[in-house]
file work21.txt (compact mmCIF, C-alpha atoms)
# COMPACT_ATOMS: atom_id res chain seq x y z
CA ALA A 1 -29.68 50.50 55.52
CA ARG A 2 -31.95 49.92 52.57
CA ARG A 3 -35.40 51.33 52.63
CA GLY A 4 -38.01 48.68 53.26
CA GLY A 5 -35.58 46.76 55.35
CA ARG A 6 -36.09 43.07 55.42
CA MET A 7 -39.15 43.13 53.16
CA ALA A 8 -37.13 44.35 50.16
CA ARG A 9 -36.16 41.56 47.82
CA ALA A 10 -32.77 41.40 46.21
CA GLU A 11 -32.68 41.89 42.48
CA PRO A 12 -32.29 38.61 40.59
CA PRO A 13 -28.95 38.28 38.83
CA GLY A 14 -28.86 39.50 35.21
CA ALA A 15 -30.23 37.06 32.62
CA THR A 16 -27.64 34.65 31.31
CA PHE A 17 -29.50 33.66 28.18
CA GLU A 18 -30.96 35.64 25.38
CA ARG A 19 -33.95 34.68 23.30
CA ARG A 20 -34.19 35.87 19.74
CA VAL A 21 -37.29 35.34 17.65
CA LEU A 22 -36.82 35.79 13.93
CA ARG A 23 -39.88 35.95 11.76
CA SER A 24 -39.51 35.20 8.07
CA ALA A 25 -35.80 35.69 8.29
CA ALA A 26 -34.85 33.02 5.80
CA GLU A 27 -33.43 34.40 2.60
CA HIS A 28 -34.69 31.65 0.33
CA HIS A 29 -37.59 29.26 0.22
CA TYR A 30 -37.31 25.78 -1.23
CA LEU A 31 -40.08 23.95 -3.06
CA ARG A 32 -40.18 20.34 -4.10
CA VAL A 33 -42.43 20.19 -7.15
CA ARG A 34 -43.50 17.58 -9.63
CA LEU A 35 -44.67 18.27 -13.15
CA GLU A 36 -47.50 16.05 -14.30
CA LEU A 37 -47.64 15.40 -18.02
CA PRO A 38 -50.41 12.88 -18.49
CA ASP A 39 -49.72 12.24 -22.16
CA GLY A 40 -46.73 10.04 -22.74
CA GLY A 41 -44.79 12.45 -24.86
CA ALA A 42 -41.17 13.57 -24.66
CA ARG A 43 -40.07 14.75 -21.25
CA PRO A 44 -38.46 18.18 -20.88
CA ASN A 45 -34.81 18.30 -19.91
CA VAL A 46 -33.60 20.55 -17.13
CA ALA A 47 -33.14 23.63 -19.36
CA GLN A 48 -36.63 23.25 -20.79
CA PHE A 49 -37.98 22.76 -17.30
CA LYS A 50 -36.43 26.01 -16.12
CA GLN A 51 -37.73 27.73 -19.24
CA LEU A 52 -41.19 26.45 -18.38
CA VAL A 53 -41.01 27.84 -14.84
CA VAL A 54 -39.78 31.22 -16.07
CA SER A 55 -42.43 31.39 -18.77
CA ALA A 56 -45.12 30.61 -16.18
CA LEU A 57 -43.83 33.53 -14.11
CA ARG A 58 -43.76 35.76 -17.17
CA GLU A 59 -47.38 34.98 -18.03
CA LEU A 60 -48.78 35.67 -14.62
CA HIS A 61 -46.41 38.30 -13.29
CA GLY A 62 -44.84 39.84 -16.39
CA GLU A 63 -41.22 40.77 -16.91
CA VAL A 64 -40.85 41.58 -13.23
CA GLY A 65 -41.94 38.05 -12.34
CA ALA A 66 -39.73 36.48 -14.97
CA ALA A 67 -36.75 38.29 -13.46
CA LEU A 68 -37.31 36.67 -10.06
CA PRO A 69 -34.22 34.70 -9.00
CA VAL A 70 -35.42 31.10 -9.28
CA ASP A 71 -32.97 28.21 -9.30
CA VAL A 72 -33.55 24.57 -10.15
CA LEU A 73 -31.38 22.81 -7.60
CA THR A 74 -32.11 19.24 -8.65
CA TYR A 75 -34.12 17.73 -11.45
CA GLU A 76 -35.05 14.15 -12.21
CA GLU A 77 -36.17 13.72 -15.78
CA LYS A 78 -37.65 10.30 -15.09
CA THR A 79 -40.10 11.47 -12.45
CA LEU A 80 -40.21 15.11 -13.59
CA SER A 81 -39.68 16.26 -10.05
CA ALA A 82 -37.41 19.09 -9.02
CA ILE A 83 -36.34 21.20 -6.09
CA LEU A 84 -36.68 24.90 -6.75
CA ARG A 85 -35.15 27.70 -4.74
CA VAL A 86 -36.64 31.17 -4.78
CA ILE A 87 -35.97 34.35 -2.87
CA SER A 88 -38.42 34.54 0.03
CA SER A 89 -40.18 37.65 -1.18
CA GLY A 90 -40.98 35.85 -4.43
CA LEU A 91 -42.50 32.69 -3.00
CA VAL A 92 -46.10 33.77 -3.49
CA LYS A 93 -45.43 34.84 -7.08
CA LEU A 94 -43.68 31.60 -7.95
CA TRP A 95 -46.23 29.33 -6.32
CA SER A 96 -49.18 31.15 -7.89
CA ALA A 97 -47.50 31.04 -11.31
CA LEU A 98 -46.87 27.30 -11.01
CA THR A 99 -50.45 26.74 -9.90
CA LEU A 100 -51.91 28.53 -12.88
CA LEU A 101 -49.70 26.96 -15.52
CA GLY A 102 -51.77 24.71 -17.76
CA PHE A 103 -49.84 23.96 -20.91
CA TYR A 104 -46.38 22.84 -21.93
CA GLN A 105 -45.88 22.97 -25.69
CA ASN A 106 -49.63 22.74 -26.16
CA ARG A 107 -49.80 19.66 -23.97
CA ARG A 108 -51.89 19.68 -20.84
CA CYS A 109 -49.77 19.73 -17.70
CA ALA A 110 -49.96 20.58 -14.01
CA PHE A 111 -47.48 21.39 -11.30
CA ARG A 112 -47.90 19.68 -7.97
CA VAL A 113 -46.11 21.28 -5.03
CA LEU A 114 -45.13 18.42 -2.73
CA GLN A 115 -43.16 20.20 0.00
CA THR A 116 -42.04 23.69 0.82
CA SER A 117 -39.79 25.00 3.53
CA PRO A 118 -37.35 27.80 4.27
CA PHE A 119 -34.78 25.11 5.06
CA LEU A 120 -33.43 22.79 2.42
CA LEU A 121 -32.79 20.09 4.98
CA ALA A 122 -36.49 19.86 5.72
CA LEU A 123 -37.14 18.63 2.20
CA SER A 124 -35.09 15.50 2.75
CA GLY A 125 -37.85 13.75 4.66
CA ASN A 126 -41.47 13.57 3.69
CA SER A 127 -43.83 11.99 6.15
CA ARG A 128 -46.53 11.77 3.51
CA GLU A 129 -44.53 9.26 1.55
CA LEU A 130 -43.44 7.37 4.60
CA VAL A 131 -44.05 3.65 4.28
CA LEU A 132 -44.56 1.85 7.53
CA ASP A 133 -43.66 -1.80 7.41
CA GLU E 1 -61.92 55.15 5.50
CA ALA E 2 -61.89 56.94 2.20
CA ALA E 3 -64.67 55.76 -0.03
CA LEU E 4 -63.03 53.67 -2.77
CA PRO E 5 -59.49 55.05 -2.35
CA ARG E 6 -58.09 56.17 -5.66
CA ARG E 7 -54.83 57.60 -6.87
CA TYR E 8 -54.52 60.04 -9.73
CA VAL E 9 -51.28 59.98 -11.71
CA LEU E 10 -50.45 63.04 -13.72
CA CYS E 11 -48.03 62.48 -16.56
CA GLU E 12 -46.77 64.17 -19.68
CA VAL E 13 -46.36 62.62 -23.12
CA VAL E 14 -42.98 63.61 -24.51
CA SER E 15 -42.15 62.93 -28.12
CA GLU E 16 -39.62 64.15 -30.63
CA ASP E 17 -42.10 63.73 -33.44
CA PRO E 18 -44.67 66.54 -33.45
CA ARG E 19 -47.14 64.28 -35.22
CA CYS E 20 -47.40 62.25 -32.04
CA ARG E 21 -49.82 64.84 -30.70
CA GLN E 22 -52.60 63.57 -32.89
CA CYS E 23 -52.28 60.18 -31.19
CA ILE E 24 -52.90 61.67 -27.78
CA GLU E 25 -56.44 60.55 -27.24
CA ASP E 26 -57.92 58.66 -24.33
CA ARG E 27 -58.36 55.33 -26.08
CA ALA E 28 -54.84 55.26 -27.53
CA VAL E 29 -53.18 56.31 -24.28
CA GLY E 30 -55.31 53.94 -22.22
CA LEU E 31 -54.43 51.02 -24.47
CA ALA E 32 -50.73 51.87 -24.47
CA VAL E 33 -50.60 52.08 -20.68
CA ARG E 34 -52.55 48.84 -20.18
CA ASP E 35 -50.35 47.08 -22.69
CA ALA E 36 -47.26 48.22 -20.80
CA ILE E 37 -48.72 47.02 -17.48
CA GLY E 38 -49.50 43.68 -19.08
CA ARG E 39 -45.96 43.30 -20.31
CA VAL E 40 -44.25 44.36 -17.11
CA HIS E 41 -46.58 42.88 -14.48
CA GLY E 42 -48.32 40.09 -16.35
CA ASP E 43 -51.93 38.98 -16.18
CA TYR E 44 -52.13 39.52 -12.44
CA GLY E 45 -50.81 43.08 -12.59
CA LEU E 46 -53.03 43.95 -15.53
CA ALA E 47 -56.12 42.66 -13.77
CA CYS E 48 -55.17 44.45 -10.52
CA CYS E 49 -54.66 47.80 -12.20
CA SER E 50 -57.63 47.55 -14.54
CA ILE E 51 -60.09 47.84 -11.69
CA SER E 52 -61.27 51.44 -12.01
CA PHE E 53 -58.52 52.41 -14.40
CA THR E 54 -59.40 55.25 -16.74
CA VAL E 55 -57.87 58.19 -18.47
CA LYS E 56 -59.57 61.03 -16.64
CA TYR E 57 -58.21 64.02 -18.50
CA LEU E 58 -56.14 64.66 -21.58
CA ASN E 59 -54.68 67.71 -23.16
CA ALA E 60 -53.27 67.04 -26.60
CA TYR E 61 -51.69 70.50 -26.87
CA THR E 62 -49.54 70.17 -23.79
CA GLY E 63 -49.42 66.37 -23.73
CA THR E 64 -50.80 66.21 -20.21
CA VAL E 65 -52.57 63.01 -19.21
CA LEU E 66 -54.35 62.27 -15.94
CA LEU E 67 -54.78 58.59 -15.12
CA ARG E 68 -56.86 57.14 -12.33
CA CYS E 69 -56.34 53.83 -10.58
CA ARG E 70 -56.94 52.07 -7.29
CA LYS E 71 -54.76 53.12 -4.37
CA ASP E 72 -53.66 49.49 -3.91
CA SER E 73 -52.26 49.20 -7.37
CA TYR E 74 -50.86 52.61 -8.16
CA ARG E 75 -47.32 51.37 -7.67
CA LEU E 76 -47.84 48.77 -10.36
CA LEU E 77 -49.13 51.50 -12.65
CA CYS E 78 -46.34 53.97 -11.90
CA SER E 79 -43.62 51.38 -12.36
CA ALA E 80 -45.02 50.37 -15.74
CA LEU E 81 -45.25 53.93 -17.15
CA PRO E 82 -41.58 54.09 -18.25
CA PHE E 83 -42.25 51.06 -20.45
CA VAL E 84 -44.69 52.89 -22.70
CA ARG E 85 -42.68 53.41 -25.85
CA GLN E 86 -45.16 54.39 -28.51
CA LEU E 87 -48.68 55.61 -29.03
CA GLU E 88 -50.80 54.07 -31.73
CA SER E 89 -53.94 55.51 -33.23
CA ARG E 90 -55.70 55.04 -36.57
CA ASN E 91 -52.95 52.68 -37.75
CA GLN E 92 -50.24 55.22 -37.07
CA ARG E 93 -47.70 54.84 -34.36
CA TYR E 94 -45.17 57.29 -33.07
CA PRO E 95 -42.45 56.78 -30.50
CA CYS E 96 -42.82 58.70 -27.27
CA PHE E 97 -42.38 58.35 -23.55
CA LEU E 98 -44.41 59.27 -20.49
CA SER E 99 -42.85 61.21 -17.67
CA THR E 100 -44.69 61.24 -14.36
CA LEU E 101 -45.31 64.71 -12.99
CA HIS E 102 -47.39 64.13 -9.88
CA VAL E 103 -49.33 61.49 -7.99
CA GLY E 104 -52.26 62.73 -5.96
CA GLY E 105 -55.19 61.38 -4.05
CA THR E 106 -57.80 63.61 -5.62
CA ILE E 107 -58.33 65.34 -8.92
CA ARG E 108 -58.22 68.67 -7.11
CA THR E 109 -54.65 68.24 -5.87
CA CYS E 110 -53.54 67.20 -9.34
CA GLN E 111 -55.27 70.22 -10.79
CA LYS E 112 -53.54 72.54 -8.32
CA PHE E 113 -50.20 71.01 -9.20
CA LEU E 114 -50.91 71.25 -12.92
CA ILE E 115 -51.75 74.95 -12.67
CA GLN E 116 -48.46 75.67 -10.91
CA TYR E 117 -46.54 73.47 -13.31
CA ASN E 118 -48.03 75.12 -16.37
CA ARG E 119 -47.22 78.56 -14.98
CA ARG E 120 -43.59 77.53 -14.57
CA GLN E 121 -43.53 76.00 -18.03
CA LEU E 122 -44.83 79.21 -19.58
CA LEU E 123 -42.01 81.15 -17.95
CA THR E 124 -39.47 78.62 -19.20
CA LEU E 125 -40.89 78.83 -22.69
CA LEU E 126 -40.62 82.59 -22.55
CA GLN E 127 -36.95 82.35 -21.62
CA ASN E 128 -36.23 79.87 -24.38
CA CYS E 129 -37.81 81.91 -27.13
CA THR E 130 -35.61 82.19 -30.17
CA ASN E 131 -37.18 85.12 -31.95
CA LYS E 132 -39.09 88.27 -31.16
CA GLU E 133 -42.31 87.05 -32.80
CA GLU E 134 -42.60 84.02 -30.53
CA ARG E 135 -41.72 86.13 -27.55
CA ARG E 136 -44.47 88.59 -28.34
CA CYS E 137 -46.98 85.78 -28.85
CA ILE E 138 -46.24 84.21 -25.51
CA GLN E 139 -46.30 87.50 -23.67
CA LYS E 140 -49.67 88.29 -25.19
CA SER E 141 -51.00 84.90 -24.05
CA LEU E 142 -49.65 85.29 -20.57
CA LEU E 143 -51.14 88.70 -20.15
CA SER E 144 -54.49 87.64 -21.51
CA CYS E 145 -54.88 84.72 -19.09
CA SER E 146 -57.34 85.48 -16.39
CA LEU E 147 -59.64 83.58 -14.08
CA THR E 148 -63.12 84.96 -14.04
CA GLU E 149 -65.09 83.94 -10.99
CA GLU E 150 -68.48 83.32 -12.41
CA GLN E 151 -68.95 82.19 -15.92
CA ALA E 152 -71.75 80.14 -17.40
CA GLN E 153 -69.36 77.70 -19.06
CA SER E 154 -65.84 78.22 -17.83
CA GLY E 155 -63.17 76.42 -19.77
CA ASP E 156 -61.36 73.54 -18.14
CA GLU E 157 -57.85 74.70 -18.90
CA GLU E 158 -57.34 77.88 -17.01
CA ASP E 159 -53.87 78.73 -18.08
CA ASP E 160 -52.40 77.63 -21.30
CA ASP E 161 -53.91 78.08 -24.67
CA GLY E 162 -52.27 75.63 -27.00
CA ILE E 163 -48.80 77.02 -26.97
CA GLU E 164 -46.51 74.75 -28.93
call {"tool": "encode", "arguments": {"input": "work21.txt", "output": "structure tokens"}}
result
Amino acid sequence: ARRGGRMARAEPPGATFERRVLRSAAEHHYLRVRLELPDGGARPNVAQFKQLVVSALRELHGEVGAALPVDVLTYEEKTLSAILRVISSGLVKLWSALTLLGFYQNRRCAFRVLQTSPFLLALSGNSRELVLD
Amino acid sequence: EAALPRRYVLCEVVSEDPRCRQCIEDRAVGLAVRDAIGRVHGDYGLACCSISFTVKYLNAYTGTVLLRCRKDSYRLLCSALPFVRQLESRNQRYPCFLSTLHVGGTIRTCQKFLIQYNRRQLLTLLQNCTNKEERRCIQKSLLSCSLTEEQAQSGDEEDDDGIE
């Protein structure tokens, strides 16, 4: 007979589910950015855009920053907006470099970061630009 | 909590050109190191490391340099040291490189390491002597080194006396 007799409770069956919590596990972070060039001059093409991003990193974070793996996934020359992908450990460096960039070919410019997410799918919808009829 | 945590980086200037020794002065070395940090880590790295960055001690004869920086940014400093390629002073520049010998939390630990290191270097120099004259010179130096306990103005370098 078991000790405790009738007062002992049976052990619950083993758990059938498992919960895993991953913090900052995503490899890359995605940023949707827009370059603002208030003067109506020539717009950079995608190669010049990437060069601009890398040179911003080089100014603020040196050669180490410029070597950060940054990819331009999409680029629209008309609206000067792009989706950038960066390795997660480099997000702070990239974002700070974009924030502090002030000039493109001696023309005043500014980067606006519209959305950021560790999942690319999350950038497909933007509730800020949602138009309710 | 250590008051204003600092790290002291002990390094050695190595150059093939013997004239580089005349460039080993605190301003030239400080500028070269800060320039390297600026290139490798950008404006942010340079600003981070420049807080309480100085050249604390220099020995032009042995090429020993002691740098001080904040504990938070010593990794930025140490990773930029291999990128120092030349020293410039009085419009003369000579190629060289810095090799890191020791990183310590206080000047005292760096000094203890430097004493041991110099002792070992003297022995190595003795072994690598090519002729009797040099050998005699070094032996004389080694035997004449002594630490006297109380002296009105004791020299800073206890061990080596400008041995080339």
call {"tool": "interface_residues", "arguments": {"input": "work21.txt", "of": "chain A", "to": "chain E", "cutoff": "9 Å", "atoms": "all atoms listed in the file", "output": "list in words"}}
result
Leu57, Arg58, Glu59, Leu60, His61, Gly62, Glu63, Val64 and Gly65 of chain A
call {"tool": "write_last_selection", "arguments": {"input": "work21.txt", "atoms": "C-alpha atoms", "output": "PDB file, keeping the file's coordinate frame"}}
result
ATOM      1  CA  LEU A  57     -43.830  33.530 -14.110  1.00  0.00           C
ATOM      2  CA  ARG A  58     -43.760  35.760 -17.170  1.00  0.00           C
ATOM      3  CA  GLU A  59     -47.380  34.980 -18.030  1.00  0.00           C
ATOM      4  CA  LEU A  60     -48.780  35.670 -14.620  1.00  0.00           C
ATOM      5  CA  HIS A  61     -46.410  38.300 -13.290  1.00  0.00           C
ATOM      6  CA  GLY A  62     -44.840  39.840 -16.390  1.00  0.00           C
ATOM      7  CA  GLU A  63     -41.220  40.770 -16.910  1.00  0.00           C
ATOM      8  CA  VAL A  64     -40.850  41.580 -13.230  1.00  0.00           C
ATOM      9  CA  GLY A  65     -41.940  38.050 -12.340  1.00  0.00           C
TER      10      GLY A  65
END
call {"tool": "residues_around", "arguments": {"input": "work21.txt", "residues": "Ser124 of chain A", "least_positions_apart": "6", "cutoff": "12 Å", "atoms": "all atoms listed in the file", "output": "PyMOL selection string"}}
result
chain A and resi 30-32+83+114-117+130
call {"tool": "closest_residue", "arguments": {"input": "work21.txt", "among": "E:Gly105, E:Leu142, E:Leu67, E:Cys96", "to": "Arg120 of chain E", "atoms": "only C-alpha atoms"}}
result
E:Leu142
call {"tool": "atom_distance", "arguments": {"input": "work21.txt", "atom1": "atom CA of Cys110 of chain E", "atom2": "atom CA of Leu87 of chain E"}}
result
23.4 Å
call {"tool": "residues_around", "arguments": {"input": "work21.txt", "residues": "segment 75-81 of chain A", "least_positions_apart": "2", "cutoff": "9 Å", "atoms": "all atoms listed in the file", "output": "list in words"}}
result
Arg32, Val33, Arg34, Leu35, Glu36, Leu37, Arg43, Pro44, Asn45, Val46, Phe49, Val72, Leu73, Ile83 and Leu84 of chain A
call {"tool": "write_last_selection", "arguments": {"input": "work21.txt", "atoms": "C-alpha atoms", "output": "CSV table (one decimal), in the frame of the given file"}}
result
chain,number,residue,atom,x,y,z
A,32,ARG,CA,-40.2,20.3,-4.1
A,33,VAL,CA,-42.4,20.2,-7.2
A,34,ARG,CA,-43.5,17.6,-9.6
A,35,LEU,CA,-44.7,18.3,-13.2
A,36,GLU,CA,-47.5,16.0,-14.3
A,37,LEU,CA,-47.6,15.4,-18.0
A,43,ARG,CA,-40.1,14.8,-21.2
A,44,PRO,CA,-38.5,18.2,-20.9
A,45,ASN,CA,-34.8,18.3,-19.9
A,46,VAL,CA,-33.6,20.6,-17.1
A,49,PHE,CA,-38.0,22.8,-17.3
A,72,VAL,CA,-33.6,24.6,-10.2
A,73,LEU,CA,-31.4,22.8,-7.6
A,83,ILE,CA,-36.3,21.2,-6.1
A,84,LEU,CA,-36.7,24.9,-6.8
call {"tool": "axis_aligned_box", "arguments": {"input": "work21.txt", "around": "segment 69-84 of chain A", "padding_each_side": "5 Å", "output": "lines of an AutoDock Vina configuration file"}}
result
center_x = -35.8
center_y = 22.5
center_z = -10.9
size_x = 18.8
size_y = 34.4
size_z = 19.7
call {"tool": "closest_residue", "arguments": {"input": "work21.txt", "among": "A:Val131, A:Cys109, A:Thr99, A:Ala82", "to": "Gly40 of chain A", "atoms": "only C-alpha atoms"}}
result
A:Cys109
call {"tool": "atom_distance", "arguments": {"input": "work21.txt", "atom1": "atom CA of Arg90 of chain E", "atom2": "atom CA of Leu31 of chain E"}}
result
12.8 Å
call {"tool": "residues_around", "arguments": {"input": "work21.txt", "residues": "Ser73 of chain E", "least_positions_apart": "6", "cutoff": "10 Å", "atoms": "only C-alpha atoms", "output": "count of residues only"}}
result
10
call {"tool": "residues_around", "arguments": {"input": "work21.txt", "residues": "Gly63 of chain E", "least_positions_apart": "5", "cutoff": "9 Å", "atoms": "only C-alpha atoms", "output": "number ranges by chain"}}
result
E: 11-14, 21, 24, 58
call {"tool": "atom_distance", "arguments": {"input": "work21.txt", "atom1": "atom CA of Gly41 of chain A", "atom2": "atom CA of Arg108 of chain A"}}
result
10.9 Å
call {"tool": "closest_residue", "arguments": {"input": "work21.txt", "among": "A:Ala66, A:Glu18, A:Gly125, A:Ala97", "to": "Val113 of chain A", "atoms": "only C-alpha atoms"}}
result
A:Ala97
call {"tool": "closest_residue", "arguments": {"input": "work21.txt", "among": "E:Val55, E:Leu125, E:Leu81, E:Val29", "to": "Arg68 of chain E", "atoms": "all atoms listed in the file"}}
result
E:Val55
call {"tool": "residues_around", "arguments": {"input": "work21.txt", "residues": "Thr106 of chain E", "least_positions_apart": "6", "cutoff": "12 Å", "atoms": "all atoms listed in the file", "output": "list in words"}}
result
Ala2, Ala3, Leu4, Pro5, Arg6, Arg7, Tyr8, Val9, Leu10, Lys56, Leu66, Leu67, Arg68, Cys69, Arg70, Lys71, Lys112 and Phe113 of chain E
call {"tool": "closest_residue", "arguments": {"input": "work21.txt", "among": "E:Leu123, E:Val65, E:Cys129, E:Val84", "to": "His102 of chain E", "atoms": "all atoms listed in the file"}}
result
E:Val65
